[in-house]
Every structure is written in structure tokens, then in C-alpha cells.
>>> print(open('my_file06.cif').read())   # mmCIF, C-alpha atoms
data_run
#
loop_
_atom_site.label_atom_id
_atom_site.label_comp_id
_atom_site.auth_asym_id
_atom_site.auth_seq_id
_atom_site.Cartn_x
_atom_site.Cartn_y
_atom_site.Cartn_z
CA MET A 8 -10.54 -25.91 -22.31
CA ASN A 9 -11.10 -24.66 -18.75
CA GLY A 10 -11.62 -21.05 -17.69
CA ALA A 11 -7.97 -20.39 -16.85
CA GLU A 12 -6.81 -21.72 -20.22
CA SER A 13 -9.42 -19.62 -21.98
CA ASP A 14 -8.25 -16.47 -20.17
CA VAL A 15 -4.66 -17.19 -21.16
CA MET A 16 -5.76 -17.42 -24.78
CA VAL A 17 -7.57 -14.08 -24.52
CA VAL A 18 -4.45 -12.46 -23.01
CA ALA A 19 -2.30 -13.84 -25.83
CA GLY A 20 -4.74 -12.46 -28.40
CA ILE A 21 -4.84 -9.01 -26.79
CA LEU A 22 -1.04 -8.82 -26.71
CA THR A 23 -0.84 -9.64 -30.39
CA LEU A 24 -3.70 -7.44 -31.57
CA PHE A 25 -3.25 -4.34 -29.41
CA TYR A 26 0.44 -4.33 -28.50
CA ARG A 27 2.15 -6.13 -31.39
CA ILE A 28 3.72 -8.43 -28.83
CA ILE A 29 3.96 -11.98 -30.18
CA PRO A 30 3.89 -14.14 -27.05
CA THR A 31 5.79 -17.41 -27.04
CA ALA A 32 4.45 -18.21 -23.57
CA VAL A 33 1.74 -16.86 -21.25
CA GLY A 34 1.34 -18.11 -17.69
CA ILE A 35 -0.34 -17.20 -14.43
CA GLY A 36 1.59 -14.47 -12.61
CA PRO A 37 1.87 -13.35 -8.98
CA ALA A 38 -1.50 -13.18 -7.24
CA GLY A 39 -3.17 -9.78 -7.03
CA THR A 40 -5.61 -8.47 -4.45
CA ALA A 41 -8.28 -7.55 -6.97
CA THR A 42 -6.77 -8.42 -10.35
CA SER A 43 -5.77 -11.54 -12.24
CA ASN A 44 -2.13 -11.33 -13.26
CA TYR A 45 -0.18 -13.01 -16.04
CA VAL A 46 3.42 -13.11 -17.23
CA ALA A 47 4.08 -13.27 -20.97
CA GLN A 48 7.33 -13.80 -22.81
CA ASP A 49 7.78 -12.46 -26.32
CA SER A 50 9.80 -13.69 -29.27
CA ASP A 51 12.77 -11.53 -28.22
CA GLY A 52 12.86 -13.12 -24.77
CA ALA A 53 11.50 -10.06 -22.95
CA ARG A 54 8.92 -10.68 -20.26
CA TRP A 55 5.77 -8.62 -19.65
CA PHE A 56 3.50 -8.32 -16.64
CA VAL A 57 -0.16 -8.33 -17.69
CA LYS A 58 -2.78 -7.14 -15.22
CA ALA A 59 -6.37 -8.14 -16.00
CA TYR A 60 -9.03 -6.04 -14.29
CA PRO A 61 -12.27 -7.61 -12.98
CA ALA A 62 -15.61 -6.69 -14.54
CA GLY A 63 -16.96 -3.41 -13.22
CA THR A 64 -13.53 -1.84 -12.65
CA ASP A 65 -13.39 1.92 -13.15
CA LEU A 66 -10.93 1.87 -16.05
CA ASP A 67 -10.62 5.66 -16.16
CA ALA A 68 -9.42 5.58 -12.55
CA GLU A 69 -6.97 2.81 -13.42
CA ARG A 70 -5.62 4.90 -16.29
CA GLN A 71 -5.08 7.77 -13.85
CA ALA A 72 -3.19 5.41 -11.54
CA LEU A 73 -0.95 4.26 -14.40
CA GLU A 74 -0.35 7.88 -15.40
CA LEU A 75 0.68 8.68 -11.82
CA GLY A 76 3.26 5.90 -11.98
CA GLU A 77 4.54 7.30 -15.28
CA PHE A 78 4.85 10.74 -13.67
CA ALA A 79 6.92 9.24 -10.85
CA ARG A 80 9.08 7.37 -13.35
CA LEU A 81 9.86 10.63 -15.16
CA GLY A 82 11.25 11.80 -11.82
CA ARG A 83 13.62 8.80 -11.81
CA ILE A 84 11.60 6.76 -9.32
CA PRO A 85 11.93 3.01 -10.05
CA VAL A 86 8.57 2.28 -11.66
CA PRO A 87 8.18 -0.39 -14.37
CA VAL A 88 7.72 0.94 -17.91
CA VAL A 89 4.09 0.72 -19.01
CA ARG A 90 3.60 -0.54 -22.56
CA ARG A 91 0.98 1.49 -24.42
CA THR A 92 -1.29 0.01 -27.06
CA LEU A 93 -0.76 0.72 -30.75
CA ASP A 94 -3.31 3.53 -30.34
CA GLY A 95 -1.43 4.99 -27.37
CA ASP A 96 -3.87 3.81 -24.69
CA LEU A 97 -2.76 2.55 -21.29
CA ILE A 98 -5.44 -0.16 -21.18
CA ALA A 99 -6.72 -2.52 -23.85
CA ALA A 100 -10.10 -4.27 -23.75
CA ALA A 101 -11.32 -7.21 -25.83
CA GLY A 102 -12.98 -10.59 -25.35
CA GLY A 103 -14.57 -9.50 -22.10
CA MET A 104 -11.19 -8.64 -20.58
CA ALA A 105 -9.39 -5.34 -19.90
CA VAL A 106 -5.64 -5.36 -19.30
CA SER A 107 -2.60 -3.17 -18.80
CA VAL A 108 0.91 -4.29 -19.72
CA ALA A 109 4.20 -3.35 -18.06
CA ALA A 110 7.78 -4.54 -18.16
CA TYR A 111 8.31 -7.49 -15.84
CA VAL A 112 10.75 -6.68 -13.03
CA GLU A 113 13.16 -9.60 -12.85
CA ASN A 114 14.85 -11.18 -9.82
CA THR A 115 12.89 -9.38 -7.12
CA GLU A 116 10.91 -10.14 -4.01
CA THR A 117 8.17 -8.13 -2.33
CA ALA A 118 8.74 -6.45 1.03
CA GLU A 119 6.31 -8.90 2.63
CA GLY A 120 9.26 -10.55 4.35
CA GLY A 121 9.81 -7.33 6.33
CA LEU A 122 12.55 -4.72 6.34
CA SER A 123 15.96 -5.22 7.90
CA GLY A 124 19.55 -4.06 7.57
CA GLU A 125 20.25 -1.68 4.71
CA ARG A 126 16.71 -2.00 3.39
CA TRP A 127 15.42 0.48 5.97
CA ALA A 128 17.48 3.33 4.52
CA ALA A 129 16.89 2.25 0.92
CA VAL A 130 13.12 2.30 1.38
CA GLY A 131 13.18 5.59 3.30
CA GLU A 132 15.27 7.26 0.60
CA THR A 133 13.05 5.99 -2.23
CA VAL A 134 9.83 7.08 -0.52
CA GLY A 135 11.35 10.47 0.24
CA ARG A 136 12.25 11.01 -3.41
CA LEU A 137 8.81 9.77 -4.45
CA HIS A 138 7.04 12.29 -2.23
CA GLN A 139 9.34 15.09 -3.37
CA ILE A 140 8.44 14.33 -7.01
CA LEU A 141 4.71 13.86 -6.38
CA ALA A 142 4.52 17.17 -4.49
CA ARG A 143 4.81 18.74 -7.96
CA HIS A 144 2.02 16.67 -9.50
CA PRO A 145 -0.68 18.64 -11.38
CA ALA A 146 -3.33 17.34 -8.94
CA GLY A 147 -2.29 20.18 -6.68
CA PRO A 148 0.41 21.33 -4.27
CA PRO A 149 0.76 20.09 -0.69
CA ARG A 150 -1.56 21.68 1.84
CA ARG A 151 -2.29 21.47 5.56
CA VAL A 152 -5.36 19.82 7.04
CA PRO A 153 -6.51 19.14 10.61
CA ALA A 154 -4.87 15.98 11.98
CA ARG A 155 -8.29 14.43 12.59
CA GLU A 156 -8.77 14.24 8.81
CA VAL A 157 -5.72 11.98 8.57
CA CYS A 158 -6.53 9.80 11.57
CA ASP A 159 -10.33 9.98 11.93
CA VAL A 160 -11.47 8.31 15.16
CA LYS A 161 -15.08 9.40 14.66
CA ARG A 162 -15.20 7.72 11.27
CA ALA A 163 -13.57 4.61 12.75
CA ARG A 164 -16.36 4.39 15.33
CA GLN A 165 -18.96 4.54 12.57
CA ARG A 166 -17.20 1.81 10.58
CA LEU A 167 -16.85 -0.46 13.61
CA ASP A 168 -20.52 0.07 14.53
CA ARG A 169 -21.56 -0.89 11.00
CA LEU A 170 -19.30 -3.95 11.08
CA LEU A 171 -20.66 -5.15 14.43
CA ALA A 172 -24.33 -4.72 13.49
CA PRO A 173 -24.57 -7.92 11.34
CA PHE A 174 -22.61 -9.84 13.97
CA ALA A 175 -25.16 -8.81 16.61
CA LYS A 176 -27.99 -10.31 14.56
CA SER A 177 -26.18 -13.60 13.97
CA PRO A 178 -23.16 -13.97 16.28
CA PRO A 179 -20.47 -16.26 14.80
CA THR A 180 -19.19 -18.93 17.15
CA SER A 181 -15.94 -20.02 15.57
CA GLY A 182 -13.22 -19.33 13.04
CA PHE A 183 -12.23 -16.00 11.57
CA PRO A 184 -15.72 -14.43 11.86
CA ALA A 185 -15.77 -15.03 15.62
CA TRP A 186 -12.26 -13.59 15.97
CA ALA A 187 -13.17 -10.61 13.77
CA ARG A 188 -16.24 -9.86 15.89
CA GLU A 189 -14.27 -10.06 19.14
CA THR A 190 -11.44 -7.92 17.74
CA ALA A 191 -13.82 -5.29 16.35
CA ALA A 192 -15.55 -5.05 19.73
CA ARG A 193 -12.18 -4.59 21.48
CA ARG A 194 -11.17 -1.89 19.01
CA LEU A 195 -14.45 -0.07 19.53
CA ALA A 196 -13.96 -0.13 23.29
CA ALA A 197 -10.38 1.13 22.88
CA LEU A 198 -11.27 4.14 20.72
CA PRO A 199 -11.16 6.62 23.65
CA VAL A 200 -7.52 5.59 24.17
CA VAL A 201 -6.90 6.00 20.44
CA ALA A 202 -8.50 9.44 20.53
CA ALA A 203 -6.14 10.44 23.34
CA MET A 204 -3.18 9.13 21.31
CA VAL A 205 -4.28 11.12 18.26
CA LYS A 206 -4.33 14.28 20.37
CA GLY A 207 -0.56 13.90 20.55
CA LEU A 208 -0.30 14.51 16.81
CA PRO A 209 0.50 17.97 15.42
CA THR A 210 -2.61 20.15 15.10
CA THR A 211 -2.33 20.05 11.31
CA LEU A 212 -0.58 17.70 8.92
CA THR A 213 0.61 17.99 5.34
CA VAL A 214 -1.35 16.19 2.63
CA GLN A 215 -0.26 15.84 -0.99
CA THR A 216 -0.37 13.44 -3.92
CA VAL A 217 1.11 10.12 -2.78
CA HIS A 218 1.41 6.55 -4.09
CA GLY A 219 -1.89 5.69 -2.41
CA ASP A 220 -1.31 1.97 -1.78
CA LEU A 221 2.29 1.73 -0.65
CA ALA A 222 1.96 -1.60 1.12
CA SER A 223 4.63 -4.30 1.24
CA PRO A 224 3.23 -6.34 -1.73
CA ASN A 225 3.67 -3.21 -3.90
CA LEU A 226 7.32 -2.65 -2.99
CA LEU A 227 9.75 -4.84 -4.93
CA LEU A 228 13.24 -5.38 -3.56
CA ARG A 229 16.40 -6.71 -5.13
CA GLY A 230 18.94 -7.44 -2.44
CA HIS A 231 19.20 -4.36 -0.24
CA GLN A 232 17.84 -2.00 -2.90
CA VAL A 233 14.37 -0.93 -4.02
CA ALA A 234 13.80 -2.40 -7.49
CA ALA A 235 10.33 -1.00 -8.16
CA LEU A 236 7.19 0.60 -6.79
CA ILE A 237 4.04 -0.82 -8.37
CA ASP A 238 0.24 -0.54 -8.21
CA PHE A 239 -0.19 3.20 -7.73
CA ARG A 240 -3.68 4.47 -7.03
CA PRO A 241 -5.30 7.47 -8.77
CA PRO A 242 -3.94 10.83 -7.58
CA GLY A 243 -5.32 11.80 -4.20
CA HIS A 244 -4.09 13.92 -1.32
CA ARG A 245 -3.04 11.97 1.76
CA SER A 246 -0.42 12.43 4.45
CA PRO A 247 3.12 11.60 3.30
CA ALA A 248 4.04 10.91 6.94
CA TRP A 249 1.18 8.39 7.09
CA GLU A 250 2.35 6.72 3.87
CA LEU A 251 5.94 6.53 5.10
CA GLY A 252 4.78 4.92 8.34
CA ARG A 253 2.55 2.50 6.50
CA ILE A 254 5.47 0.96 4.63
CA VAL A 255 8.38 1.20 7.09
CA LEU A 256 6.16 0.07 9.99
CA ASP A 257 4.35 -2.65 8.10
CA PRO A 258 3.02 -5.21 10.63
CA ARG A 259 5.31 -7.91 9.23
CA THR A 260 8.36 -5.75 9.89
CA VAL A 261 7.26 -4.64 13.36
CA LEU A 262 6.68 -8.23 14.48
CA ALA A 263 9.81 -9.67 12.87
CA GLU A 264 12.34 -7.01 13.90
CA PRO A 265 12.77 -6.49 17.68
CA GLN A 266 14.94 -3.44 16.95
CA TRP A 267 12.37 -1.78 14.70
CA PRO A 268 12.62 1.62 16.47
CA THR A 269 16.28 1.80 15.41
CA GLY A 270 15.41 0.69 11.88
CA LEU A 271 12.62 3.26 11.79
CA ALA A 272 15.11 5.99 12.63
CA GLU A 273 17.37 4.84 9.78
CA GLY A 274 14.45 4.95 7.35
CA VAL A 275 13.30 8.36 8.55
CA ALA A 276 16.84 9.78 8.34
CA ALA A 277 17.13 8.64 4.72
CA TYR A 278 13.65 9.97 3.94
CA ARG A 279 14.51 13.37 5.43
CA ALA A 280 17.72 13.62 3.41
CA ALA A 281 15.74 12.93 0.22
CA ASN A 282 12.72 15.09 1.09
CA PRO A 283 13.64 17.88 3.54
CA ALA A 284 10.31 19.62 2.85
CA LEU A 285 8.46 17.48 5.41
CA SER A 286 8.92 18.95 8.87
CA ALA A 287 10.62 17.24 11.80
CA GLU A 288 7.32 17.56 13.71
CA GLU A 289 5.52 15.42 11.13
CA LEU A 290 8.32 12.88 10.86
CA LEU A 291 8.21 12.51 14.64
CA ALA A 292 4.51 11.64 14.26
CA VAL A 293 5.17 8.64 11.97
CA PRO A 294 4.82 5.88 14.62
CA ARG A 295 1.73 7.53 16.12
CA LEU A 296 0.13 7.78 12.68
CA ALA A 297 0.98 4.15 11.93
CA ALA A 298 -0.59 2.96 15.18
CA GLY A 299 -3.63 5.19 14.71
CA TYR A 300 -4.14 3.91 11.18
CA LEU A 301 -4.14 0.28 12.32
CA ALA A 302 -6.44 1.06 15.25
CA CYS A 303 -8.97 2.86 13.02
CA SER A 304 -8.93 0.33 10.17
CA VAL A 305 -11.59 -2.35 9.81
CA TYR A 306 -9.66 -4.35 7.20
CA PRO A 307 -9.46 -7.34 7.06
CA LEU A 308 -12.07 -7.78 9.79
CA SER A 309 -14.71 -6.48 7.40
CA GLU A 310 -14.08 -9.33 4.95
CA ALA A 311 -15.86 -11.69 7.33
CA VAL A 312 -19.07 -9.77 6.50
CA ASP A 313 -18.44 -8.17 3.11
CA ASP A 314 -16.67 -11.02 1.29
CA PRO A 315 -16.46 -14.28 3.29
CA ALA A 316 -15.10 -16.11 0.22
CA ALA A 317 -12.01 -13.87 0.35
CA VAL A 318 -11.09 -15.08 3.84
CA THR A 319 -8.10 -17.39 3.41
CA PRO A 320 -5.69 -18.71 6.04
CA GLU A 321 -3.19 -16.13 4.75
CA LEU A 322 -5.67 -13.28 5.20
CA GLU A 323 -6.57 -14.48 8.68
CA ALA A 324 -2.89 -14.59 9.64
CA TYR A 325 -2.42 -11.09 8.22
CA GLY A 326 -5.36 -9.82 10.29
CA ARG A 327 -3.92 -11.28 13.47
CA ASN A 328 -0.52 -9.78 12.61
CA ARG A 329 -2.06 -6.33 12.18
CA GLN A 330 -3.68 -6.59 15.59
CA ALA A 331 -0.45 -7.75 17.23
CA ALA A 332 1.58 -5.04 15.48
CA MET A 333 -0.83 -2.34 16.64
CA ALA A 334 -0.33 -3.51 20.24
CA GLU A 335 3.45 -3.54 19.75
CA LEU A 336 3.46 -0.02 18.29
CA CYS A 337 1.37 1.33 21.15
CA GLU A 338 3.46 -0.43 23.79
CA ARG A 339 6.75 0.92 22.41
CA MET A 340 5.46 4.31 21.22
CA THR A 341 7.51 6.29 23.74
CA GLU A 342 10.69 4.41 22.83
CA ALA A 343 10.16 4.98 19.10
CA GLU A 344 9.41 8.67 19.56
CA GLU A 345 12.47 9.17 21.76
CA VAL A 346 14.71 7.60 19.10
CA LEU A 347 13.19 9.82 16.43
CA HIS A 348 13.41 12.92 18.65
CA ASP A 349 17.15 12.35 19.13
CA LEU A 350 17.50 12.05 15.34
CA LEU A 351 15.37 15.02 14.34
CA TYR A 352 16.20 17.66 16.95
#
>>> encode(input="my_file06.cif", output="C-alpha cells")
Amino acid sequence: MNGAESDVMVVAGILTLFYRIIPTAVGIGPAGTATSNYVAQDSDGARWFVKAYPAGTDLDAERQALELGEFARLGRIPVPVVRRTLDGDLIAAAGGMAVSVAAYVENTETAEGGLSGERWAAVGETVGRLHQILARHPAGPPRRVPAREVCDVKRARQRLDRLLAPFAKSPPTSGFPAWARETAARRLAALPVVAAMVKGLPTTLTVQTVHGDLASPNLLLRGHQVAALIDFRPPGHRSPAWELGRIVLDPRTVLAEPQWPTGLAEGVAAYRAANPALSAEELLAVPRLAAGYLACSVYPLSEAVDDPAAVTPELEAYGRNRQAAMAELCERMTEAEEVLHDLLY
């Protein structure tokens, strides 16, 4: 029995012992960034998504993340039902493995293919309702912070300096490491331009409890509708305008949709109708926040130093897409802001 088969056996045992789910089949599920995922089918034909956490995971933080998803679900946000253990816990641990179990969302695809058509408005409306619900979360009400706390150019400089230090000692000559080093150096040199762009943001921005990792792999679509939001992070205050921009201006969408400024306006209009609490000034800042976030991020460039084994052709392509999308956002910033201005004012 190899390691994968052994893990499947452990998952089957946990489902039976802790959840009273009698699995008739357990198989490898969709790949996760940090987790191993499985899909199990029970004797009634229902399917379950099983997430296995790596050793060293902060399970208390993961429980908080699952609880945040439950809170959103109570507000009628499409979040898969989490199955609790027989003791009422959100996570079960046995055989060297810790897992959570949720209903499997059938017949869906992630938003990794990009947004288009009616999906813009569907995503904007869902995120608007999500933020309206999470504004009432016990972690605390929305508050205002200086814009530099949302888009921190000073911190980005420190991160880029730290990333470039190992490269200076042993400069890579080819492949993803060489590209990462060159790209990090260009981003460092461009930070004065980024700082000037950030000055165009409102002086202060709203922060509140948000999803925390609302990226395209965590948005499940069924046709033109949002089927589910998954993989919440523990409650933390971040900018809802930033989170909206992160998903509707995902690099895959920006590069695939030449008319993305128009689609952005459709998403923002639907968001505003669902969550009128966020000001027009902050919604106008969405493309600037999205570009600033990409410019200040060191992921996935940092993987070349921190975790070379994680660098796959897919990750390299994603990194290049992020860089290209940042350039596209900056080049068409005025156009996007003009479209949003006409919508909002």
C-alpha cells in the first residue's frame, strides 16, 4: 500500500468513526494550495468534500475560518454546509491526520477561467451581500484606517529587499528563479511610481471582516451564477474594496477580457445595489487598489526562494499573468476610473 492509498484509508476511518458517514468510495479531490483534498461518497449517494490539513496547521485558526463561513451561510450566502463531528467539533483528528468535512458542491467550476457576461454582476452582487453580512460579525464593526495600511508601499519595499538578498548572493541564471529575480528588481525600481498611484486613493479606507482569501479558485460558479464561496480565512479586518477588486479584477479575467472596464462597472453596480454602505469614493478606488495590491505583492516570486519545490509550470504561468495584469491595470487605469465615475456619480 502506497502513501496515497494509506491516506485514503485513514480518511475513510475518520468519516466512519467521527462523522458516522459510511463511505462507499473515497478518492483524491481537487488540488488545494496547502491542503490535501478528498471526495467521499456515502451509502445514501451523497458526496462530501474532505479537507486534510498538513502537520503544523493552526487548527484553532482553521476552526475560526469554518465558523466565519457558517456565519456567512446564516446570512444566506452560498457556502457549503460543514458537517460537524459526533461531538460537535468542526475538525476531527486521528491517525496523524486532521480533517474538516463539508457538502460537496456538484456541477461547478472555479472562476479560474475568468469572468464574462452575466457572471460579472452575479459575482458583484454576491460579494456585496457577503460584505453586508460580515459587517455585523462579532469580530467588530467596520472602521476607517489610513489608505497606506491597505496598500503599504513601505512594507512592499522591505519584502522585495528581503527577496532580492538571497538572489544577490547566488544569482540564478535561468528558469523561474531568474525571471523572479528580474521581476522583483523591476518592481522595486517601480515603487516610486506605485507610491504616486497610491496617493490617488482616498485618505482613509473602510476595513471590516471579509472572506480573507477571495481568489478565483475559492469562487465556484454554476453557469452564470455563484454556486459557492469556499476556503474562508479566520476573521480579520481588511478593505472590502480591496477584496472586491481582488476577485473581479483577477489577473486571468483582466488578460482574457479586453472589455474588462465595462465588466468591472457591471460588477461594481451589482455590488453597490447589494451593499450601499460602501461609499462611491471607495468603489471608485477598486482598480487602483487592485493594481497596488499586485505591485506590492511578492507572491509567487517568493516561492523561488522560500519553497522551490512548489514552483510548477502552472505557478510560473500564474506569476507571469499577475505581472502582465498589473501592467494592463496601470495602463488602462484612467479608462477604468472614468467608467466607474460615470456609474457612481
>>> closest_residue(input="my_file06.cif", among="A:Ser123, A:Ser13, A:Thr211, A:Asn225", to="Gly39 in chain A", atoms="all atoms listed in the file")
A:Asn225
>>> resolve_selection(input="my_file06.cif", expression="the PyMOL selection byres ((chain A and resi 156) around 10)", output="MDAnalysis selection string")
chainID A and resid 152:155 157:162 211:212 214 245:246
>>> atom_distance(input="my_file06.cif", atom1="CA of Leu195 in chain A", atom2="CA of Glu321 in chain A")
24.6 Å
>>> residues_around(input="my_file06.cif", residues="range 58-60 of chain A", least_positions_apart="4", cutoff="12 Å", atoms="all atoms listed in the file", output="ChimeraX atom specification")
/A:14-15,17-18,21-22,34-47,64-70,73,89-90,97-111,237-238
>>> atom_distance(input="my_file06.cif", atom1="CA of Ala202 in chain A", atom2="CA of Glu338 in chain A")
15.8 Å
>>> resolve_selection(input="my_file06.cif", expression="the PyMOL selection byres ((chain A and resi 183-188) around 7)", output="PyMOL selection string")
chain A and resi 171+174+179-182+189-192+308+311+323
>>> write_last_selection(input="my_file06.cif", atoms="C-alpha atoms", output="compact mmCIF listing (two decimals), keeping the file's coordinate frame")
# COMPACT_ATOMS: atom_id res chain seq x y z
CA LEU A 171 -20.66 -5.15 14.43
CA PHE A 174 -22.61 -9.84 13.97
CA PRO A 179 -20.47 -16.26 14.80
CA THR A 180 -19.19 -18.93 17.15
CA SER A 181 -15.94 -20.02 15.57
CA GLY A 182 -13.22 -19.33 13.04
CA GLU A 189 -14.27 -10.06 19.14
CA THR A 190 -11.44 -7.92 17.74
CA ALA A 191 -13.82 -5.29 16.35
CA ALA A 192 -15.55 -5.05 19.73
CA LEU A 308 -12.07 -7.78 9.79
CA ALA A 311 -15.86 -11.69 7.33
CA GLU A 323 -6.57 -14.48 8.68
>>> atom_distance(input="my_file06.cif", atom1="CA of Arg253 in chain A", atom2="CA of Ala203 in chain A")
20.5 Å
>>> resolve_selection(input="my_file06.cif", expression="the PyMOL selection byres ((chain A and resi 259-262) around 8)", output="ChimeraX atom specification")
/A:119-123,255-258,263-265,267,328,331-332,335-336
>>> closest_residue(input="my_file06.cif", among="A:Leu351, A:Val346, A:Val312, A:Ala79", to="Ala172 in chain A", atoms="all atoms listed in the file")
A:Val312
>>> residues_around(input="my_file06.cif", residues="Leu301 in chain A", least_positions_apart="6", cutoff="9 Å", atoms="only C-alpha atoms", output="PyMOL selection string")
chain A and resi 329-330+332-333
>>> closest_residue(input="my_file06.cif", among="A:Thr133, A:Ser304, A:Thr23, A:Gln71", to="Gly274 in chain A", atoms="only C-alpha atoms")
A:Thr133
>>> residues_around(input="my_file06.cif", residues="range 226-228 of chain A", least_positions_apart="4", cutoff="7 Å", atoms="only C-alpha atoms", output="PyMOL selection string")
chain A and resi 115-118+222+232-237
>>> closest_residue(input="my_file06.cif", among="A:Arg91, A:Gly243, A:Tyr325, A:Leu167", to="Glu77 in chain A", atoms="all atoms listed in the file")
A:Arg91
>>> build_atoms(input="my_file06.cif", residues="range 21-41 of chain A", atoms="N, CA and C atoms", output="CSV table (one decimal), in the frame of the given file")
chain,number,residue,atom,x,y,z
A,21,ILE,N,-4.9,-10.5,-27.0
A,21,ILE,CA,-4.8,-9.0,-26.8
A,21,ILE,C,-3.4,-8.5,-27.0
A,22,LEU,N,-2.4,-9.2,-26.5
A,22,LEU,CA,-1.0,-8.8,-26.7
A,22,LEU,C,-0.7,-8.7,-28.2
A,23,THR,N,-1.1,-9.7,-29.0
A,23,THR,CA,-0.8,-9.6,-30.4
A,23,THR,C,-1.6,-8.5,-31.1
A,24,LEU,N,-2.9,-8.4,-30.8
A,24,LEU,CA,-3.7,-7.4,-31.6
A,24,LEU,C,-3.5,-6.0,-31.2
A,25,PHE,N,-3.3,-5.7,-29.9
A,25,PHE,CA,-3.2,-4.3,-29.4
A,25,PHE,C,-1.8,-3.8,-29.1
A,26,TYR,N,-0.9,-4.8,-28.9
A,26,TYR,CA,0.4,-4.3,-28.5
A,26,TYR,C,1.5,-4.8,-29.5
A,27,ARG,N,1.2,-5.6,-30.5
A,27,ARG,CA,2.2,-6.1,-31.4
A,27,ARG,C,3.3,-6.9,-30.6
A,28,ILE,N,2.8,-7.5,-29.6
A,28,ILE,CA,3.7,-8.4,-28.8
A,28,ILE,C,3.3,-9.8,-29.2
A,29,ILE,N,4.2,-10.6,-29.8
A,29,ILE,CA,4.0,-12.0,-30.2
A,29,ILE,C,4.4,-12.9,-29.0
A,30,PRO,N,3.5,-13.4,-28.2
A,30,PRO,CA,3.9,-14.1,-27.0
A,30,PRO,C,4.3,-15.6,-27.4
A,31,THR,N,5.4,-16.0,-26.9
A,31,THR,CA,5.8,-17.4,-27.0
A,31,THR,C,5.3,-18.2,-25.8
A,32,ALA,N,5.0,-17.5,-24.8
A,32,ALA,CA,4.4,-18.2,-23.6
A,32,ALA,C,3.7,-17.2,-22.7
A,33,VAL,N,2.5,-17.7,-22.2
A,33,VAL,CA,1.7,-16.9,-21.2
A,33,VAL,C,1.4,-17.8,-20.1
A,34,GLY,N,1.7,-17.3,-18.9
A,34,GLY,CA,1.3,-18.1,-17.7
A,34,GLY,C,0.7,-17.3,-16.6
A,35,ILE,N,0.2,-17.9,-15.6
A,35,ILE,CA,-0.3,-17.2,-14.4
A,35,ILE,C,0.8,-16.5,-13.7
A,36,GLY,N,0.6,-15.2,-13.3
A,36,GLY,CA,1.6,-14.5,-12.6
A,36,GLY,C,1.3,-14.4,-11.1
A,37,PRO,N,2.1,-13.5,-10.4
A,37,PRO,CA,1.9,-13.4,-9.0
A,37,PRO,C,0.4,-12.9,-8.7
A,38,ALA,N,-0.1,-13.5,-7.6
A,38,ALA,CA,-1.5,-13.2,-7.2
A,38,ALA,C,-1.7,-11.7,-6.9
A,39,GLY,N,-2.8,-11.2,-7.3
A,39,GLY,CA,-3.2,-9.8,-7.0
A,39,GLY,C,-4.3,-9.7,-6.1
A,40,THR,N,-4.5,-8.6,-5.4
A,40,THR,CA,-5.6,-8.5,-4.4
A,40,THR,C,-6.9,-8.5,-5.2
A,41,ALA,N,-7.0,-7.7,-6.3
A,41,ALA,CA,-8.3,-7.6,-7.0
A,41,ALA,C,-8.2,-7.9,-8.4
